[in-house]
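Trainee: The following block contains the structure, expressed as structure tokens.
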Amino acid sequence: MVKILMVLYKGGEHAVEQPRLFGTIENKLGLEEWIKSQGHELIVTDDKEGENSVFQKEIVEAEILITTPFHPGYATKDVIAKAKNLKLCVTAGVGSDHIDLTAANERKITVAEVTGSNVVSVAEHVVMTILNLVRNFVPAHEQIIGGDWNVAAVAKNAYDLEGKVVGTLGAGRIGYRVLQRLVPFDCKELLYYDYQPLPAEAEKAVKARRVEDLKEFLGQLDVLTVNCPLHEGTRGLINKETLSYLKKGAWIVNTARGAICVKEDVAEALKSGHILGYGGDVWFPQPAPKDHPWRDMRNGSGGGNAMVAHYSGTTLDAQARYAAGVKRILTSYFGNKDYTPSDIIVIDGQYASKAYGQR
């Protein structure tokens, strides 16, 4: 018998109303019956904070940890040290930075995620948020909800996306799909910054240009979209210094990981007017505390904030994909069969993914 610990988010009445909310503690990725039918033990919780949490208590004996990027159970070095039986960590979704990968490698714990399960969902959210910021949508909507009508007040910070320079920090599965979706908007130029160039045909298809120097890259942008993994090389990459490289009045969209951007520096750049807007759905930590500066930051005109809870990659369509992917990974583990190579982040004490392992 294998003991499996799932850390998911609470759905409450919404999980009852919508059974396709697989990522909730109520619906358990749709896998409860299947797991128990094979004689395994399943513990499911959303209680993950503090030493006395269900997560901290149950991880001690768990052989498999399954969690999501949206309500992550943080498998730190200390947590992994006390998880004596832990052999497999599975991310129901994409992005395994909530796991100390170095500690996992030292213990030869396999870390897997459902690669590709969220790419369309997140790319669509990125484009939506870019348009939201560039068109100054949130203040315009809030004005109407509040019973007002002042076209000048919202139009003064509303622009077209056409003719702007847009760049993606990271041109992997999500970043490239963002570029694809931006092509019809006739941007002045599409740029990307990545540790490796796109294949020539892929680059040509989206008419994008690679810029290898970060300062040069940021300095050309009207819109920056962050689509890279979080690791030692990207943590805090968007900070007071790198924000200063951006054009005055630029917009930033971050659906990658909150910790890539220094929260205080972003809030100050928005308040000062150096950037005109910041939007996305990723925070650190998650759930975001009530006093997180991104909750209520604004630009000088009272707009520029397009932040939401972390849900871009957990649409109902994406949840179906990552639930099926978790089952695929567990099937390989239970049957002692090879995993799908693209799902593996670390295995046998080694990085299997260039995105996390080659820095």
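Just remember, in the structure tokens the first chain shown is A, the second B, etc., residues are 1-based per chain, and ligands are 1-based in the order shown.
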Using only C-alpha atoms, tabulate the residues of stretch 124-224 of chain A lying at most 12 Å from any atom of stretch 237-254 of chain A, each with its closest atom pair and that distance in Å to one decimal, by chain and increasing residue number, as JSON lines.

Mentor:
```
{"residue": "A:His125", "atom": "CA", "partner": "A:Val253", "partner_atom": "CA", "distance": 9.7}
{"residue": "A:Val126", "atom": "CA", "partner": "A:Val253", "partner_atom": "CA", "distance": 6.8}
{"residue": "A:Val127", "atom": "CA", "partner": "A:Val253", "partner_atom": "CA", "distance": 9.0}
{"residue": "A:Met128", "atom": "CA", "partner": "A:Val253", "partner_atom": "CA", "distance": 9.9}
{"residue": "A:Thr129", "atom": "CA", "partner": "A:Val253", "partner_atom": "CA", "distance": 6.8}
{"residue": "A:Ile130", "atom": "CA", "partner": "A:Val253", "partner_atom": "CA", "distance": 6.6}
{"residue": "A:Leu131", "atom": "CA", "partner": "A:Trp251", "partner_atom": "CA", "distance": 10.2}
{"residue": "A:Asn132", "atom": "CA", "partner": "A:Val253", "partner_atom": "CA", "distance": 10.2}
{"residue": "A:Leu133", "atom": "CA", "partner": "A:Trp251", "partner_atom": "CA", "distance": 7.0}
{"residue": "A:Val134", "atom": "CA", "partner": "A:Trp251", "partner_atom": "CA", "distance": 7.4}
{"residue": "A:Arg135", "atom": "CA", "partner": "A:Trp251", "partner_atom": "CA", "distance": 11.0}
{"residue": "A:Asn136", "atom": "CA", "partner": "A:Trp251", "partner_atom": "CA", "distance": 10.8}
{"residue": "A:Asn157", "atom": "CA", "partner": "A:Gly249", "partner_atom": "CA", "distance": 9.8}
{"residue": "A:Ala158", "atom": "CA", "partner": "A:Gly249", "partner_atom": "CA", "distance": 11.7}
{"residue": "A:Tyr159", "atom": "CA", "partner": "A:Gly249", "partner_atom": "CA", "distance": 11.3}
{"residue": "A:Leu161", "atom": "CA", "partner": "A:Trp251", "partner_atom": "CA", "distance": 11.1}
{"residue": "A:Lys164", "atom": "CA", "partner": "A:Ala250", "partner_atom": "CA", "distance": 10.1}
{"residue": "A:Val165", "atom": "CA", "partner": "A:Ala250", "partner_atom": "CA", "distance": 9.9}
{"residue": "A:Val166", "atom": "CA", "partner": "A:Trp251", "partner_atom": "CA", "distance": 9.5}
{"residue": "A:Gly167", "atom": "CA", "partner": "A:Ile252", "partner_atom": "CA", "distance": 9.9}
{"residue": "A:Thr168", "atom": "CA", "partner": "A:Val253", "partner_atom": "CA", "distance": 9.5}
{"residue": "A:Leu169", "atom": "CA", "partner": "A:Asn254", "partner_atom": "CA", "distance": 9.6}
{"residue": "A:Gly170", "atom": "CA", "partner": "A:Asn254", "partner_atom": "CA", "distance": 11.3}
{"residue": "A:Ile174", "atom": "CA", "partner": "A:Asn254", "partner_atom": "CA", "distance": 11.9}
{"residue": "A:Gly175", "atom": "CA", "partner": "A:Asn254", "partner_atom": "CA", "distance": 11.1}
{"residue": "A:Val178", "atom": "CA", "partner": "A:Val253", "partner_atom": "CA", "distance": 11.5}
{"residue": "A:Asp213", "atom": "CA", "partner": "A:Tyr245", "partner_atom": "CA", "distance": 11.5}
{"residue": "A:Leu214", "atom": "CA", "partner": "A:Thr242", "partner_atom": "CA", "distance": 8.4}
{"residue": "A:Lys215", "atom": "CA", "partner": "A:Tyr245", "partner_atom": "CA", "distance": 6.0}
{"residue": "A:Glu216", "atom": "CA", "partner": "A:Tyr245", "partner_atom": "CA", "distance": 8.0}
{"residue": "A:Phe217", "atom": "CA", "partner": "A:Tyr245", "partner_atom": "CA", "distance": 8.7}
{"residue": "A:Leu218", "atom": "CA", "partner": "A:Leu246", "partner_atom": "CA", "distance": 5.1}
{"residue": "A:Gly219", "atom": "CA", "partner": "A:Leu246", "partner_atom": "CA", "distance": 4.7}
{"residue": "A:Gln220", "atom": "CA", "partner": "A:Lys247", "partner_atom": "CA", "distance": 7.0}
{"residue": "A:Leu221", "atom": "CA", "partner": "A:Leu246", "partner_atom": "CA", "distance": 6.5}
{"residue": "A:Asp222", "atom": "CA", "partner": "A:Ala250", "partner_atom": "CA", "distance": 4.7}
{"residue": "A:Val223", "atom": "CA", "partner": "A:Trp251", "partner_atom": "CA", "distance": 4.8}
{"residue": "A:Leu224", "atom": "CA", "partner": "A:Ile252", "partner_atom": "CA", "distance": 4.8}
```

Trainee: If you keep C-alpha atoms, can you produce a file of those selected residues as a PDB file, in the first residue's frame?

Mentor:
```pdb
ATOM      1  CA  HIS A 125      -4.664  34.779 -19.968  1.00  0.00           C
ATOM      2  CA  VAL A 126      -1.462  36.655 -20.834  1.00  0.00           C
ATOM      3  CA  VAL A 127      -2.985  38.194 -23.955  1.00  0.00           C
ATOM      4  CA  MET A 128      -6.165  39.053 -22.053  1.00  0.00           C
ATOM      5  CA  THR A 129      -4.145  40.807 -19.342  1.00  0.00           C
ATOM      6  CA  ILE A 130      -1.992  42.711 -21.829  1.00  0.00           C
ATOM      7  CA  LEU A 131      -5.140  44.071 -23.476  1.00  0.00           C
ATOM      8  CA  ASN A 132      -6.676  44.758 -20.072  1.00  0.00           C
ATOM      9  CA  LEU A 133      -3.727  46.959 -19.105  1.00  0.00           C
ATOM     10  CA  VAL A 134      -3.065  48.628 -22.434  1.00  0.00           C
ATOM     11  CA  ARG A 135      -6.738  49.540 -22.858  1.00  0.00           C
ATOM     12  CA  ASN A 136      -7.053  50.659 -19.201  1.00  0.00           C
ATOM     13  CA  ASN A 157      -4.391  56.042 -20.257  1.00  0.00           C
ATOM     14  CA  ALA A 158      -5.903  53.860 -23.006  1.00  0.00           C
ATOM     15  CA  TYR A 159      -3.766  52.785 -25.970  1.00  0.00           C
ATOM     16  CA  LEU A 161      -1.582  47.273 -28.807  1.00  0.00           C
ATOM     17  CA  LYS A 164       3.882  48.482 -29.650  1.00  0.00           C
ATOM     18  CA  VAL A 165       7.019  46.475 -28.930  1.00  0.00           C
ATOM     19  CA  VAL A 166       6.165  43.385 -26.879  1.00  0.00           C
ATOM     20  CA  GLY A 167       8.731  41.029 -25.394  1.00  0.00           C
ATOM     21  CA  THR A 168       8.523  37.718 -23.585  1.00  0.00           C
ATOM     22  CA  LEU A 169      10.997  36.794 -20.869  1.00  0.00           C
ATOM     23  CA  GLY A 170      11.139  33.125 -21.707  1.00  0.00           C
ATOM     24  CA  ILE A 174       3.878  29.270 -22.927  1.00  0.00           C
ATOM     25  CA  GLY A 175       6.052  32.153 -24.088  1.00  0.00           C
ATOM     26  CA  VAL A 178       1.940  34.093 -26.401  1.00  0.00           C
ATOM     27  CA  ASP A 213      21.327  41.083 -23.394  1.00  0.00           C
ATOM     28  CA  LEU A 214      18.703  41.610 -20.675  1.00  0.00           C
ATOM     29  CA  LYS A 215      19.208  45.370 -20.389  1.00  0.00           C
ATOM     30  CA  GLU A 216      18.965  45.816 -24.151  1.00  0.00           C
ATOM     31  CA  PHE A 217      15.886  43.582 -24.229  1.00  0.00           C
ATOM     32  CA  LEU A 218      13.995  45.433 -21.498  1.00  0.00           C
ATOM     33  CA  GLY A 219      14.963  48.841 -22.831  1.00  0.00           C
ATOM     34  CA  GLN A 220      13.058  48.297 -26.087  1.00  0.00           C
ATOM     35  CA  LEU A 221       9.761  47.147 -24.607  1.00  0.00           C
ATOM     36  CA  ASP A 222       6.374  48.744 -24.292  1.00  0.00           C
ATOM     37  CA  VAL A 223       5.024  45.487 -22.845  1.00  0.00           C
ATOM     38  CA  LEU A 224       6.956  42.848 -20.898  1.00  0.00           C
TER      39      LEU A 224
END
```

Trainee: DSSP on the backbone, strand (DSSP E) only: what residues of stretch 137-342 of chain A does that give? Format it as a PyMOL selection string.

Mentor: chain A and resi 165-169+189-193+208-210+223-226+250-254+275-280+305-307

Trainee: Measuring atom to atom with only C-alpha atoms, identify which of A:Val206, A:Gly277, A:Gly147, A:Val7 is nearest to A:Cys89.

Mentor: A:Val7

Trainee: Please provide as a PDB file with all heavy atoms, in the first residue's frame all residues within 10 Å of stretch 43-51 of chain A, with the sequence filter that same-chain residues fewer than 6 positions apart are discarded (counting only C-alpha atoms).

Mentor:
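Everything below was put into around.pdb:
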```pdb
ATOM      1  N   LYS A   3       1.044   5.367   0.565  1.00  0.00           N
ATOM      2  CA  LYS A   3       0.353   6.508   1.175  1.00  0.00           C
ATOM      3  C   LYS A   3       0.573   7.738   0.310  1.00  0.00           C
ATOM      4  O   LYS A   3       1.693   8.136   0.042  1.00  0.00           O
ATOM      5  CB  LYS A   3       0.861   6.767   2.583  1.00  0.00           C
ATOM      6  CG  LYS A   3       0.162   7.950   3.263  1.00  0.00           C
ATOM      7  CD  LYS A   3       0.540   8.075   4.722  1.00  0.00           C
ATOM      8  CE  LYS A   3      -0.208   9.241   5.371  1.00  0.00           C
ATOM      9  NZ  LYS A   3       0.086   9.350   6.816  1.00  0.00           N
ATOM     10  N   ILE A   4      -0.539   8.327  -0.136  1.00  0.00           N
ATOM     11  CA  ILE A   4      -0.492   9.480  -1.031  1.00  0.00           C
ATOM     12  C   ILE A   4      -1.094  10.679  -0.315  1.00  0.00           C
ATOM     13  O   ILE A   4      -2.203  10.597   0.227  1.00  0.00           O
ATOM     14  CB  ILE A   4      -1.281   9.200  -2.327  1.00  0.00           C
ATOM     15  CG1 ILE A   4      -0.693   7.979  -3.046  1.00  0.00           C
ATOM     16  CG2 ILE A   4      -1.264  10.425  -3.246  1.00  0.00           C
ATOM     17  CD1 ILE A   4      -1.552   7.479  -4.190  1.00  0.00           C
ATOM     18  N   LEU A   5      -0.375  11.792  -0.331  1.00  0.00           N
ATOM     19  CA  LEU A   5      -0.857  13.043   0.265  1.00  0.00           C
ATOM     20  C   LEU A   5      -1.121  14.047  -0.848  1.00  0.00           C
ATOM     21  O   LEU A   5      -0.213  14.389  -1.609  1.00  0.00           O
ATOM     22  CB  LEU A   5       0.175  13.597   1.250  1.00  0.00           C
ATOM     23  CG  LEU A   5      -0.109  14.976   1.858  1.00  0.00           C
ATOM     24  CD1 LEU A   5      -1.426  14.993   2.623  1.00  0.00           C
ATOM     25  CD2 LEU A   5       1.050  15.425   2.749  1.00  0.00           C
ATOM     26  N   MET A   6      -2.358  14.519  -0.942  1.00  0.00           N
ATOM     27  CA  MET A   6      -2.725  15.565  -1.899  1.00  0.00           C
ATOM     28  C   MET A   6      -2.959  16.863  -1.149  1.00  0.00           C
ATOM     29  O   MET A   6      -3.714  16.880  -0.168  1.00  0.00           O
ATOM     30  CB  MET A   6      -4.027  15.217  -2.641  1.00  0.00           C
ATOM     31  CG  MET A   6      -3.914  14.240  -3.763  1.00  0.00           C
ATOM     32  SD  MET A   6      -5.532  14.131  -4.644  1.00  0.00           S
ATOM     33  CE  MET A   6      -5.179  12.812  -5.796  1.00  0.00           C
ATOM     34  N   VAL A   7      -2.324  17.945  -1.604  1.00  0.00           N
ATOM     35  CA  VAL A   7      -2.577  19.277  -1.072  1.00  0.00           C
ATOM     36  C   VAL A   7      -3.226  20.091  -2.188  1.00  0.00           C
ATOM     37  O   VAL A   7      -2.570  20.449  -3.160  1.00  0.00           O
ATOM     38  CB  VAL A   7      -1.285  19.950  -0.576  1.00  0.00           C
ATOM     39  CG1 VAL A   7      -1.595  21.332  -0.011  1.00  0.00           C
ATOM     40  CG2 VAL A   7      -0.600  19.089   0.479  1.00  0.00           C
ATOM     41  N   LEU A   8      -4.512  20.334  -2.036  1.00  0.00           N
ATOM     42  CA  LEU A   8      -5.297  21.021  -3.050  1.00  0.00           C
ATOM     43  C   LEU A   8      -6.012  22.211  -2.418  1.00  0.00           C
ATOM     44  O   LEU A   8      -5.921  22.422  -1.218  1.00  0.00           O
ATOM     45  CB  LEU A   8      -6.317  20.060  -3.675  1.00  0.00           C
ATOM     46  CG  LEU A   8      -5.746  18.747  -4.245  1.00  0.00           C
ATOM     47  CD1 LEU A   8      -6.869  17.823  -4.691  1.00  0.00           C
ATOM     48  CD2 LEU A   8      -4.786  19.014  -5.395  1.00  0.00           C
ATOM     49  N   TYR A   9      -6.729  22.995  -3.211  1.00  0.00           N
ATOM     50  CA  TYR A   9      -7.435  24.144  -2.660  1.00  0.00           C
ATOM     51  C   TYR A   9      -8.894  23.798  -2.374  1.00  0.00           C
ATOM     52  O   TYR A   9      -9.474  22.883  -2.971  1.00  0.00           O
ATOM     53  CB  TYR A   9      -7.326  25.374  -3.549  1.00  0.00           C
ATOM     54  CG  TYR A   9      -7.795  25.228  -4.973  1.00  0.00           C
ATOM     55  CD1 TYR A   9      -9.121  25.449  -5.320  1.00  0.00           C
ATOM     56  CD2 TYR A   9      -6.898  24.898  -5.989  1.00  0.00           C
ATOM     57  CE1 TYR A   9      -9.553  25.349  -6.631  1.00  0.00           C
ATOM     58  CE2 TYR A   9      -7.327  24.784  -7.301  1.00  0.00           C
ATOM     59  CZ  TYR A   9      -8.643  25.004  -7.619  1.00  0.00           C
ATOM     60  OH  TYR A   9      -9.065  24.883  -8.924  1.00  0.00           O
ATOM     61  N   LYS A  10      -9.482  24.519  -1.448  1.00  0.00           N
ATOM     62  CA  LYS A  10     -10.852  24.265  -1.039  1.00  0.00           C
ATOM     63  C   LYS A  10     -11.825  24.850  -2.063  1.00  0.00           C
ATOM     64  O   LYS A  10     -11.727  26.010  -2.440  1.00  0.00           O
ATOM     65  CB  LYS A  10     -11.112  24.876   0.341  1.00  0.00           C
ATOM     66  CG  LYS A  10     -12.498  24.574   0.915  1.00  0.00           C
ATOM     67  CD  LYS A  10     -12.671  25.224   2.282  1.00  0.00           C
ATOM     68  CE  LYS A  10     -11.758  24.590   3.320  1.00  0.00           C
ATOM     69  NZ  LYS A  10     -11.985  25.150   4.672  1.00  0.00           N
ATOM     70  N   GLY A  11     -12.772  24.033  -2.471  1.00  0.00           N
ATOM     71  CA  GLY A  11     -13.757  24.492  -3.437  1.00  0.00           C
ATOM     72  C   GLY A  11     -15.087  24.874  -2.810  1.00  0.00           C
ATOM     73  O   GLY A  11     -15.796  25.729  -3.322  1.00  0.00           O
ATOM     74  N   THR A  24      -9.737  20.652  -6.534  1.00  0.00           N
ATOM     75  CA  THR A  24     -10.212  20.972  -5.189  1.00  0.00           C
ATOM     76  C   THR A  24     -10.140  19.762  -4.275  1.00  0.00           C
ATOM     77  O   THR A  24     -10.105  18.608  -4.729  1.00  0.00           O
ATOM     78  CB  THR A  24     -11.672  21.459  -5.228  1.00  0.00           C
ATOM     79  OG1 THR A  24     -12.497  20.403  -5.762  1.00  0.00           O
ATOM     80  CG2 THR A  24     -11.807  22.702  -6.105  1.00  0.00           C
ATOM     81  N   ILE A  25     -10.161  20.042  -2.962  1.00  0.00           N
ATOM     82  CA  ILE A  25     -10.130  18.937  -1.995  1.00  0.00           C
ATOM     83  C   ILE A  25     -11.399  18.092  -2.089  1.00  0.00           C
ATOM     84  O   ILE A  25     -11.386  16.901  -1.756  1.00  0.00           O
ATOM     85  CB  ILE A  25      -9.940  19.456  -0.556  1.00  0.00           C
ATOM     86  CG1 ILE A  25     -11.056  20.439  -0.162  1.00  0.00           C
ATOM     87  CG2 ILE A  25      -8.569  20.096  -0.387  1.00  0.00           C
ATOM     88  CD1 ILE A  25     -11.022  20.865   1.299  1.00  0.00           C
ATOM     89  N   GLU A  26     -12.482  18.691  -2.542  1.00  0.00           N
ATOM     90  CA  GLU A  26     -13.729  17.940  -2.656  1.00  0.00           C
ATOM     91  C   GLU A  26     -13.698  16.946  -3.817  1.00  0.00           C
ATOM     92  O   GLU A  26     -14.206  15.822  -3.700  1.00  0.00           O
ATOM     93  CB  GLU A  26     -14.913  18.897  -2.838  1.00  0.00           C
ATOM     94  CG  GLU A  26     -15.217  19.767  -1.623  1.00  0.00           C
ATOM     95  CD  GLU A  26     -14.346  21.023  -1.544  1.00  0.00           C
ATOM     96  OE1 GLU A  26     -13.515  21.239  -2.474  1.00  0.00           O
ATOM     97  OE2 GLU A  26     -14.500  21.781  -0.584  1.00  0.00           O
ATOM     98  N   ASN A  27     -13.104  17.334  -4.932  1.00  0.00           N
ATOM     99  CA  ASN A  27     -13.136  16.498  -6.132  1.00  0.00           C
ATOM    100  C   ASN A  27     -11.858  15.714  -6.382  1.00  0.00           C
ATOM    101  O   ASN A  27     -11.814  14.852  -7.265  1.00  0.00           O
ATOM    102  CB  ASN A  27     -13.517  17.350  -7.346  1.00  0.00           C
ATOM    103  CG  ASN A  27     -14.930  17.883  -7.232  1.00  0.00           C
ATOM    104  OD1 ASN A  27     -15.811  17.242  -6.651  1.00  0.00           O
ATOM    105  ND2 ASN A  27     -15.166  19.086  -7.752  1.00  0.00           N
ATOM    106  N   LYS A  28     -10.804  16.039  -5.630  1.00  0.00           N
ATOM    107  CA  LYS A  28      -9.623  15.167  -5.508  1.00  0.00           C
ATOM    108  C   LYS A  28      -9.037  14.702  -6.845  1.00  0.00           C
ATOM    109  O   LYS A  28      -8.658  13.550  -7.005  1.00  0.00           O
ATOM    110  CB  LYS A  28      -9.972  13.934  -4.652  1.00  0.00           C
ATOM    111  CG  LYS A  28     -10.581  14.268  -3.290  1.00  0.00           C
ATOM    112  CD  LYS A  28     -11.004  13.020  -2.544  1.00  0.00           C
ATOM    113  CE  LYS A  28     -11.660  13.360  -1.212  1.00  0.00           C
ATOM    114  NZ  LYS A  28     -12.931  14.105  -1.358  1.00  0.00           N
ATOM    115  N   GLU A  32      -9.904   9.741  -6.572  1.00  0.00           N
ATOM    116  CA  GLU A  32     -10.063   9.049  -5.283  1.00  0.00           C
ATOM    117  C   GLU A  32     -10.462   7.586  -5.454  1.00  0.00           C
ATOM    118  O   GLU A  32      -9.832   6.674  -4.888  1.00  0.00           O
ATOM    119  CB  GLU A  32     -11.087   9.782  -4.423  1.00  0.00           C
ATOM    120  CG  GLU A  32     -11.294   9.123  -3.059  1.00  0.00           C
ATOM    121  CD  GLU A  32     -12.295   9.870  -2.189  1.00  0.00           C
ATOM    122  OE1 GLU A  32     -13.223  10.491  -2.754  1.00  0.00           O
ATOM    123  OE2 GLU A  32     -12.153   9.823  -0.961  1.00  0.00           O
ATOM    124  N   LYS A  57       2.056  17.204   9.164  1.00  0.00           N
ATOM    125  CA  LYS A  57       1.935  15.962   9.919  1.00  0.00           C
ATOM    126  C   LYS A  57       1.935  14.736   9.015  1.00  0.00           C
ATOM    127  O   LYS A  57       2.595  13.731   9.292  1.00  0.00           O
ATOM    128  CB  LYS A  57       0.656  15.987  10.756  1.00  0.00           C
ATOM    129  CG  LYS A  57       0.676  16.998  11.903  1.00  0.00           C
ATOM    130  CD  LYS A  57      -0.652  17.024  12.639  1.00  0.00           C
ATOM    131  CE  LYS A  57      -0.644  18.036  13.785  1.00  0.00           C
ATOM    132  NZ  LYS A  57      -1.973  18.111  14.461  1.00  0.00           N
ATOM    133  N   GLU A  58       1.203  14.807   7.908  1.00  0.00           N
ATOM    134  CA  GLU A  58       1.041  13.639   7.043  1.00  0.00           C
ATOM    135  C   GLU A  58       2.224  13.404   6.114  1.00  0.00           C
ATOM    136  O   GLU A  58       2.450  12.279   5.661  1.00  0.00           O
ATOM    137  CB  GLU A  58      -0.243  13.770   6.210  1.00  0.00           C
ATOM    138  CG  GLU A  58      -1.520  13.807   7.032  1.00  0.00           C
ATOM    139  CD  GLU A  58      -1.823  12.487   7.729  1.00  0.00           C
ATOM    140  OE1 GLU A  58      -1.209  11.448   7.374  1.00  0.00           O
ATOM    141  OE2 GLU A  58      -2.676  12.494   8.639  1.00  0.00           O
ATOM    142  N   ILE A  59       3.006  14.454   5.832  1.00  0.00           N
ATOM    143  CA  ILE A  59       4.139  14.295   4.921  1.00  0.00           C
ATOM    144  C   ILE A  59       5.202  13.366   5.499  1.00  0.00           C
ATOM    145  O   ILE A  59       5.969  12.745   4.758  1.00  0.00           O
ATOM    146  CB  ILE A  59       4.767  15.684   4.565  1.00  0.00           C
ATOM    147  CG1 ILE A  59       5.716  15.574   3.354  1.00  0.00           C
ATOM    148  CG2 ILE A  59       5.497  16.268   5.758  1.00  0.00           C
ATOM    149  CD1 ILE A  59       5.051  15.213   2.064  1.00  0.00           C
ATOM    150  N   ALA A  62       4.221   9.972   4.144  1.00  0.00           N
ATOM    151  CA  ALA A  62       3.761   9.881   2.757  1.00  0.00           C
ATOM    152  C   ALA A  62       4.858   9.389   1.815  1.00  0.00           C
ATOM    153  O   ALA A  62       6.022   9.760   1.948  1.00  0.00           O
ATOM    154  CB  ALA A  62       3.240  11.233   2.288  1.00  0.00           C
ATOM    155  N   LEU A  65       3.682  12.832  -2.790  1.00  0.00           N
ATOM    156  CA  LEU A  65       3.063  14.134  -2.548  1.00  0.00           C
ATOM    157  C   LEU A  65       2.543  14.664  -3.871  1.00  0.00           C
ATOM    158  O   LEU A  65       3.284  14.751  -4.850  1.00  0.00           O
ATOM    159  CB  LEU A  65       4.079  15.121  -1.963  1.00  0.00           C
ATOM    160  CG  LEU A  65       3.627  16.590  -1.892  1.00  0.00           C
ATOM    161  CD1 LEU A  65       2.448  16.759  -0.937  1.00  0.00           C
ATOM    162  CD2 LEU A  65       4.788  17.498  -1.487  1.00  0.00           C
ATOM    163  N   ILE A  66       1.264  15.026  -3.880  1.00  0.00           N
ATOM    164  CA  ILE A  66       0.657  15.658  -5.057  1.00  0.00           C
ATOM    165  C   ILE A  66       0.129  17.020  -4.624  1.00  0.00           C
ATOM    166  O   ILE A  66      -0.615  17.117  -3.643  1.00  0.00           O
ATOM    167  CB  ILE A  66      -0.511  14.816  -5.614  1.00  0.00           C
ATOM    168  CG1 ILE A  66      -0.026  13.423  -6.009  1.00  0.00           C
ATOM    169  CG2 ILE A  66      -1.146  15.521  -6.814  1.00  0.00           C
ATOM    170  CD1 ILE A  66      -1.142  12.459  -6.370  1.00  0.00           C
ATOM    171  N   THR A  67       0.540  18.051  -5.328  1.00  0.00           N
ATOM    172  CA  THR A  67       0.066  19.389  -4.983  1.00  0.00           C
ATOM    173  C   THR A  67      -0.071  20.215  -6.254  1.00  0.00           C
ATOM    174  O   THR A  67       0.269  19.742  -7.345  1.00  0.00           O
ATOM    175  CB  THR A  67       0.999  20.067  -3.962  1.00  0.00           C
ATOM    176  OG1 THR A  67       0.426  21.304  -3.537  1.00  0.00           O
ATOM    177  CG2 THR A  67       2.369  20.317  -4.544  1.00  0.00           C
ATOM    178  N   HIS A  71      -2.264  26.316  -5.031  1.00  0.00           N
ATOM    179  CA  HIS A  71      -2.331  26.256  -3.567  1.00  0.00           C
ATOM    180  C   HIS A  71      -1.238  25.277  -3.139  1.00  0.00           C
ATOM    181  O   HIS A  71      -1.509  24.174  -2.667  1.00  0.00           O
ATOM    182  CB  HIS A  71      -3.715  25.777  -3.125  1.00  0.00           C
ATOM    183  CG  HIS A  71      -3.944  25.816  -1.651  1.00  0.00           C
ATOM    184  ND1 HIS A  71      -4.278  26.961  -0.975  1.00  0.00           N
ATOM    185  CD2 HIS A  71      -3.877  24.837  -0.714  1.00  0.00           C
ATOM    186  CE1 HIS A  71      -4.427  26.691   0.312  1.00  0.00           C
ATOM    187  NE2 HIS A  71      -4.185  25.404   0.493  1.00  0.00           N
ATOM    188  N   PRO A  72       0.019  25.674  -3.316  1.00  0.00           N
ATOM    189  CA  PRO A  72       1.110  24.695  -3.196  1.00  0.00           C
ATOM    190  C   PRO A  72       1.433  24.294  -1.760  1.00  0.00           C
ATOM    191  O   PRO A  72       1.428  25.117  -0.847  1.00  0.00           O
ATOM    192  CB  PRO A  72       2.303  25.425  -3.824  1.00  0.00           C
ATOM    193  CG  PRO A  72       2.005  26.874  -3.623  1.00  0.00           C
ATOM    194  CD  PRO A  72       0.507  27.004  -3.737  1.00  0.00           C
ATOM    195  N   GLY A  73       1.705  23.013  -1.610  1.00  0.00           N
ATOM    196  CA  GLY A  73       2.330  22.541  -0.384  1.00  0.00           C
ATOM    197  C   GLY A  73       3.831  22.688  -0.572  1.00  0.00           C
ATOM    198  O   GLY A  73       4.430  22.017  -1.419  1.00  0.00           O
ATOM    199  N   TYR A  74       4.441  23.596   0.165  1.00  0.00           N
ATOM    200  CA  TYR A  74       5.858  23.911  -0.052  1.00  0.00           C
ATOM    201  C   TYR A  74       6.742  22.812   0.533  1.00  0.00           C
ATOM    202  O   TYR A  74       6.872  22.685   1.755  1.00  0.00           O
ATOM    203  CB  TYR A  74       6.197  25.267   0.555  1.00  0.00           C
ATOM    204  CG  TYR A  74       5.580  26.431  -0.198  1.00  0.00           C
ATOM    205  CD1 TYR A  74       4.418  27.049   0.255  1.00  0.00           C
ATOM    206  CD2 TYR A  74       6.148  26.889  -1.381  1.00  0.00           C
ATOM    207  CE1 TYR A  74       3.843  28.104  -0.445  1.00  0.00           C
ATOM    208  CE2 TYR A  74       5.579  27.946  -2.091  1.00  0.00           C
ATOM    209  CZ  TYR A  74       4.425  28.539  -1.619  1.00  0.00           C
ATOM    210  OH  TYR A  74       3.858  29.577  -2.319  1.00  0.00           O
ATOM    211  N   VAL A  79      11.142  20.152   5.116  1.00  0.00           N
ATOM    212  CA  VAL A  79      10.012  19.239   4.929  1.00  0.00           C
ATOM    213  C   VAL A  79      10.491  17.926   4.319  1.00  0.00           C
ATOM    214  O   VAL A  79      10.118  16.841   4.769  1.00  0.00           O
ATOM    215  CB  VAL A  79       8.930  19.890   4.040  1.00  0.00           C
ATOM    216  CG1 VAL A  79       7.904  18.856   3.588  1.00  0.00           C
ATOM    217  CG2 VAL A  79       8.243  21.018   4.795  1.00  0.00           C
TER     218      VAL A  79
END
```

Trainee: Could you pull out the helix (DSSP H, G or I) residues of stretch 230-345 of chain A, going by DSSP on the backbone, and write them as a ChimeraX atom specification?

Mentor: /A:240-245,258-260,263-272,316-334,341-343

Trainee: Do you know which residues are at most 12 Å from A:Cys261 counting only C-alpha atoms, after dropping those on the same chain fewer than 2 positions away, and could you put them as a PyMOL selection string?

Mentor: chain A and resi 169+225-228+230+234-243+252-259+263-267+269+278-280+282-284+294

Trainee: Please compute the atom CA of A:Lys327-atom CA of A:Tyr351 distance, one decimal, in Å.

Mentor: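 Between atom CA of A:Lys327 and atom CA of A:Tyr351 the gap works out to 22.4 Å.
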